[in-house]
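These notes concern the structure reproduced below.
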Amino acid sequence: MPRSLFWLVRVAAVAVSFISPVFAEIYLGQGTMSGEVTTTSALVQTRLTAATELNENGDLPGATGVVAFRWSDSPHLDDAQQTPLVPASPHHDFIVRTELSDLNPNTRYYFRPIYGPDANDLTVGPLGSFKTHPGATIDTEVRFIVGSCMNYIKFMHGKAGNAGPVITATAEDKRLGFPAFTAMRTLNPDFFIGTGDIVYYDNPYRVAETIAELRACWHEQFRFPRMIDFFRNVPTYWSKDDHDFRYNDSDNATDRLPLPPTGIELFREQLPIVPMHDPITPTYRTYRVSKDLQIWISEGRDFRSPNNMEDGPGKTLWGLEQRAWLQRTLKASDAKWKLLITPTPMVGPDMADSPDAERPAKTDNHASLNGFRHEADAFFDWLKVNRIENFMTICGDRHWQYHSIHPSGHEEFAVGAINDENSRLGIEPGDPNGTDPDALVTQPYITSEPRGGFLQVTAGDQLLVEFFDAKGNRVHQVKR
């Protein structure tokens, strides 16, 4: 489709999607999802839609109505409790999210949405489930998956250039969605972490700027059957990066649309990260998952200094409060494995200078020479001084998989892009165009060809990190 025609279609689509048809049937076209599961609580959400497939304008319009959730620790919903009915309105993109509390640790819970146009005409939705965390006193293995960089446009239309596959998605894939979600479902993880770039607001086919346009990016992707099937029974944790915040490498220093408050608000609206109508709770957080495992999920966009600011002690990607929180909670943790899930790399190496438009230089992350390197180096020094053991980072953003070891000894695992069409070749230590020209970083593993994929982490007395391609083939593993 020509770029100009694609844009005209999208403009029409977002205009239509904001209006709920008066007499349309109501569906759950984006399925159900749970998120932010703890030992005793979880968020559950769904979105009421006027259809189950994209309309002729390429969008999935919402529908007004009401939603409640029935839930129990029995798959038959014996003695089920029910949350109050909540209206699904265009002000929140027809999304309803509810917090379930007073749950038991290490327990699988089941839930169904109850929805309809009003309280007198309700339909029972599909059964979903999630498992609460074991908590600090229970010694058991936990297994979770980390994914990143889900580029819908490249998946559906292919990728120009020579840095990755032109197109690999079949007609069936385009109907069902990213193949990686089928592979991930067979692994039966306890939870999933998305490290950012969940959707792409900026793309050669179109640039989303208004609230309606931004929302349409979520609609087109989260209606895929493979994603609906996966997220119905696998709870989620999410962080945002540049492409689902504003645009490539975006910070808070420009007035280009979408503005920073819009990007922040839309991310909190679309995903089960915080309760509805909660504009205050920070999106950086930590969870004690089990006796051996604690995870930290960082926020990399909301509090950062301008990217082009001269690097030094006054420049921060995390913000002073988040950095102090991270150090305080790390010192307080007695978990054996301490894993920081970060949208962008801290070790790399990353690209520093490249004439190739498909591999542009980066200046917006902790590994960048002209980015936020000072904060990263100071943090690694702090880890050493405070003897924080078994600390590792798992990062998104980079479109290739790698295992790198910082000169301090701390390890980083990059998850790569979730679809082949969004992958590219990486950069190795010692490359003069990279952020580690002196080869100070040790890199035991890097993908040898462009391919999508994800990571699976199994944490118990030992730690196992497995690299998978998008079809579910294990291509590398690291044991600690």
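Residues in the structure tokens are numbered from 1 in each chain, the chains being A, B, ... in the order shown, and ligands are numbered from 1 in the order shown.
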
(request) Write out as a list in words all residues of range 179-256 of chain A that backbone DSSP assigns to strand (DSSP E). (result)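 For range 179-256 of chain A, the strand (DSSP E) set is Phe191, Phe192, Ile193, Gly194, Asp202, Asn203, Arg206, Val207, Thr236, Tyr237 and Trp238 of chain A.
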
(message) For the helix (DSSP H, G or I) assignment from backbone DSSP, which residues of range 176-338 of chain A qualify? Please present them as a PyMOL selection string.
(response) chain A and resi 176+180-187+211-222+225-233+260-270+320-332

Selected residues, C-alpha atoms, written as an mmCIF file, in the first residue's frame, please.
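Saved as again_12.cif:
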data_model
loop_
_atom_site.group_PDB
_atom_site.id
_atom_site.type_symbol
_atom_site.label_atom_id
_atom_site.label_comp_id
_atom_site.auth_asym_id
_atom_site.auth_seq_id
_atom_site.Cartn_x
_atom_site.Cartn_y
_atom_site.Cartn_z
ATOM 1 C CA LEU A 176 -2.884 -15.145 13.863
ATOM 2 C CA ALA A 180 6.802 -16.475 19.033
ATOM 3 C CA PHE A 181 3.666 -16.397 21.178
ATOM 4 C CA THR A 182 2.786 -19.947 20.125
ATOM 5 C CA ALA A 183 6.299 -21.053 21.027
ATOM 6 C CA MET A 184 6.177 -19.233 24.360
ATOM 7 C CA ARG A 185 2.808 -20.753 25.257
ATOM 8 C CA THR A 186 4.171 -24.301 24.912
ATOM 9 C CA LEU A 187 6.825 -23.457 27.527
ATOM 10 C CA ILE A 211 -4.530 10.000 21.357
ATOM 11 C CA ALA A 212 -6.836 8.274 18.864
ATOM 12 C CA GLU A 213 -3.903 7.402 16.597
ATOM 13 C CA LEU A 214 -1.822 6.105 19.491
ATOM 14 C CA ARG A 215 -4.663 3.911 20.722
ATOM 15 C CA ALA A 216 -5.119 2.438 17.263
ATOM 16 C CA CYS A 217 -1.559 1.076 17.429
ATOM 17 C CA TRP A 218 -2.551 -1.005 20.466
ATOM 18 C CA HIS A 219 -5.824 -2.150 18.902
ATOM 19 C CA GLU A 220 -4.263 -3.504 15.720
ATOM 20 C CA GLN A 221 -1.749 -5.653 17.573
ATOM 21 C CA PHE A 222 -3.465 -6.941 20.706
ATOM 22 C CA PRO A 225 -5.406 -14.613 18.332
ATOM 23 C CA ARG A 226 -1.971 -15.895 19.375
ATOM 24 C CA MET A 227 -1.496 -12.979 21.752
ATOM 25 C CA ILE A 228 -5.026 -13.320 23.149
ATOM 26 C CA ASP A 229 -4.470 -17.024 23.796
ATOM 27 C CA PHE A 230 -1.101 -16.435 25.477
ATOM 28 C CA PHE A 231 -2.063 -13.529 27.717
ATOM 29 C CA ARG A 232 -5.308 -15.150 28.887
ATOM 30 C CA ASN A 233 -3.294 -17.537 31.092
ATOM 31 C CA PRO A 260 5.566 13.281 27.075
ATOM 32 C CA PRO A 261 2.421 13.432 29.290
ATOM 33 C CA THR A 262 0.421 11.832 26.481
ATOM 34 C CA GLY A 263 2.906 8.986 26.061
ATOM 35 C CA ILE A 264 2.988 8.375 29.807
ATOM 36 C CA GLU A 265 -0.808 8.436 30.126
ATOM 37 C CA LEU A 266 -1.461 6.117 27.184
ATOM 38 C CA PHE A 267 0.941 3.458 28.434
ATOM 39 C CA ARG A 268 -0.719 3.428 31.836
ATOM 40 C CA GLU A 269 -4.124 3.291 30.154
ATOM 41 C CA GLN A 270 -3.498 0.422 27.765
ATOM 42 C CA LEU A 320 17.364 10.710 41.272
ATOM 43 C CA GLU A 321 14.396 9.153 43.100
ATOM 44 C CA GLN A 322 14.364 5.973 41.022
ATOM 45 C CA ARG A 323 18.122 5.555 41.348
ATOM 46 C CA ALA A 324 17.966 5.958 45.132
ATOM 47 C CA TRP A 325 15.039 3.507 45.283
ATOM 48 C CA LEU A 326 16.945 0.967 43.203
ATOM 49 C CA GLN A 327 20.020 1.131 45.421
ATOM 50 C CA ARG A 328 17.983 1.044 48.630
ATOM 51 C CA THR A 329 15.914 -1.991 47.618
ATOM 52 C CA LEU A 330 18.922 -3.874 46.255
ATOM 53 C CA LYS A 331 20.763 -3.459 49.561
ATOM 54 C CA ALA A 332 17.690 -4.642 51.457
#

(request) Just the residues within 6 Å of range 27-39 of chain A, please, counting only C-alpha atoms, with nothing from its chain fewer than 6 positions along; format it as an MDAnalysis selection string. (result) chainID A and resid 45:46 48:52 105 132:133 135 222:223 228 231:232 235:237 272

Residues of range 324-431 of chain A within 9 Å of range 300-309 of chain A: nearest atom pair and distance (Å, one decimal) for each, counting only C-alpha atoms, sorted by chain and number, as a tab-separated table?
residue	atom	partner	partner_atom	distance
A:Thr342	CA	A:Gly300	CA	7.6
A:Pro343	CA	A:Gly300	CA	6.6
A:Thr344	CA	A:Gly300	CA	7.6
A:Thr363	CA	A:Asn307	CA	6.6
A:Asp364	CA	A:Asn307	CA	5.6
A:Asn365	CA	A:Asn307	CA	8.6
A:Asn370	CA	A:Asn308	CA	7.9
A:Gly371	CA	A:Asn307	CA	6.2
A:Phe372	CA	A:Asn307	CA	8.0

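Distances to Phe380 in chain A were evaluated for A:Pro450, A:Pro179, A:Pro407, A:Gly312 using only C-alpha atoms, and the minimum falls at A:Pro407.
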
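Picture a line from CA of Gly194 in chain A to CA of Ser148 in chain A; it runs 5.6 Å.
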
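Residues in contact with Cys395 in chain A at 8 Å, where only C-alpha atoms are counted and same-chain residues fewer than 5 positions away are skipped, are listed as Thr195, Ile341, Thr342, Pro343, Thr344, Pro345, Met346, Glu412, Phe413, Ala414 and Val415 of chain A.
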
(request) List the neighbours of range 277-289 of chain A out to 8 Å using only C-alpha atoms; skip same-chain residues closer than 2 positions along the sequence, and give me the result as a PyMOL selection string. (result) chain A and resi 38-39+133-136+142+239+265+273-275+291-299+322+335

(request) Could you please determine the separation between CA of Pro437 in chain A and CA of Ser368 in chain A in Å, to one decimal place? (result)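 Interatomic distance, CA of Pro437 in chain A to CA of Ser368 in chain A: 12.0 Å.
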
(message) Just want the 12 Å neighbourhood of Glu389 in chain A, counted on only C-alpha atoms, with same-chain residues fewer than 5 positions away dropped. Output as a list in words.
(response)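 Within the cut-off, the hits are Leu330, Lys331, Ser333, Asp334, Ala335, Lys336, Trp337, Lys338, Leu339, Phe380, Trp382, Leu383, Lys384, Ser408, Gly409, His410 and Glu411 of chain A.
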
Those same residues - N, CA and C atoms - I'd like them written as a JSON list (two decimals), in the first residue's frame.
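This went into part.json:
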[["chain", "number", "residue", "atom", "x", "y", "z"],
["A", 330, "LEU", "N", 17.91, -2.85, 46.50],
["A", 330, "LEU", "CA", 18.92, -3.87, 46.25],
["A", 330, "LEU", "C", 19.68, -4.21, 47.53],
["A", 331, "LYS", "N", 20.05, -3.22, 48.31],
["A", 331, "LYS", "CA", 20.76, -3.46, 49.56],
["A", 331, "LYS", "C", 19.90, -4.22, 50.56],
["A", 333, "SER", "N", 17.62, -6.49, 49.86],
["A", 333, "SER", "CA", 17.20, -7.80, 49.38],
["A", 333, "SER", "C", 18.17, -8.91, 49.82],
["A", 334, "ASP", "N", 17.60, -10.02, 50.28],
["A", 334, "ASP", "CA", 18.41, -11.20, 50.57],
["A", 334, "ASP", "C", 18.13, -12.32, 49.56],
["A", 335, "ALA", "N", 17.49, -11.98, 48.42],
["A", 335, "ALA", "CA", 17.27, -12.97, 47.37],
["A", 335, "ALA", "C", 18.60, -13.39, 46.77],
["A", 336, "LYS", "N", 18.71, -14.64, 46.38],
["A", 336, "LYS", "CA", 19.95, -15.12, 45.78],
["A", 336, "LYS", "C", 20.19, -14.47, 44.43],
["A", 337, "TRP", "N", 19.14, -14.41, 43.59],
["A", 337, "TRP", "CA", 19.25, -13.86, 42.24],
["A", 337, "TRP", "C", 18.53, -12.52, 42.19],
["A", 338, "LYS", "N", 19.25, -11.49, 41.79],
["A", 338, "LYS", "CA", 18.69, -10.13, 41.71],
["A", 338, "LYS", "C", 18.76, -9.70, 40.24],
["A", 339, "LEU", "N", 17.62, -9.63, 39.59],
["A", 339, "LEU", "CA", 17.56, -9.36, 38.16],
["A", 339, "LEU", "C", 16.87, -8.04, 37.88],
["A", 380, "PHE", "N", 27.66, 0.53, 38.52],
["A", 380, "PHE", "CA", 28.43, -0.70, 38.61],
["A", 380, "PHE", "C", 29.49, -0.60, 39.71],
["A", 382, "TRP", "N", 29.06, 1.16, 42.42],
["A", 382, "TRP", "CA", 28.27, 1.06, 43.66],
["A", 382, "TRP", "C", 27.96, -0.41, 43.98],
["A", 383, "LEU", "N", 27.62, -1.20, 42.97],
["A", 383, "LEU", "CA", 27.36, -2.62, 43.18],
["A", 383, "LEU", "C", 28.57, -3.32, 43.80],
["A", 384, "LYS", "N", 29.76, -2.98, 43.30],
["A", 384, "LYS", "CA", 30.99, -3.60, 43.80],
["A", 384, "LYS", "C", 31.27, -3.18, 45.23],
["A", 408, "SER", "N", 33.31, -5.10, 35.30],
["A", 408, "SER", "CA", 33.12, -5.32, 36.74],
["A", 408, "SER", "C", 32.71, -6.75, 37.06],
["A", 409, "GLY", "N", 32.33, -7.51, 36.01],
["A", 409, "GLY", "CA", 31.90, -8.89, 36.21],
["A", 409, "GLY", "C", 30.41, -9.10, 36.14],
["A", 410, "HIS", "N", 29.63, -8.03, 36.09],
["A", 410, "HIS", "CA", 28.18, -8.16, 36.05],
["A", 410, "HIS", "C", 27.71, -8.50, 34.63],
["A", 411, "GLU", "N", 26.73, -9.39, 34.56],
["A", 411, "GLU", "CA", 26.29, -9.94, 33.29],
["A", 411, "GLU", "C", 25.02, -9.27, 32.79]]

(message) Using only C-alpha atoms for the distances, tell me which of A:Asn433, A:Gln456, A:Asn55, A:Asn390 is nearest to Asn473 in chain A.
(response)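 For Asn473 in chain A, the nearest of the candidates is A:Gln456.
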
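The closest residue to Ile394 in chain A, picked from A:Phe467, A:Leu271, A:Leu259, A:Asp59 and counting only C-alpha atoms, is A:Phe467.
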
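You will find CA of Leu77 in chain A at 14.1 Å from CA of Thr107 in chain A.
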
(message) List the spatial neighbours of Leu100 in chain A as an NGL selection string - criterion: any atom at most 7 Å away, only C-alpha atoms, same-chain residues fewer than 4 positions off excluded.
(response) :A and (41-43)

(message) Using only C-alpha atoms, can you tell me which of A:Ser423, A:Asn120, A:Gln81, A:Asn252 comes closest to Thr168 in chain A?
(response) A:Ser423

(request) Using only C-alpha atoms, pick whichever of A:Gly416, A:Pro432, A:Pro61, A:Gly472 has the shortest atom-to-atom distance to Arg451 in chain A. (result) A:Gly416
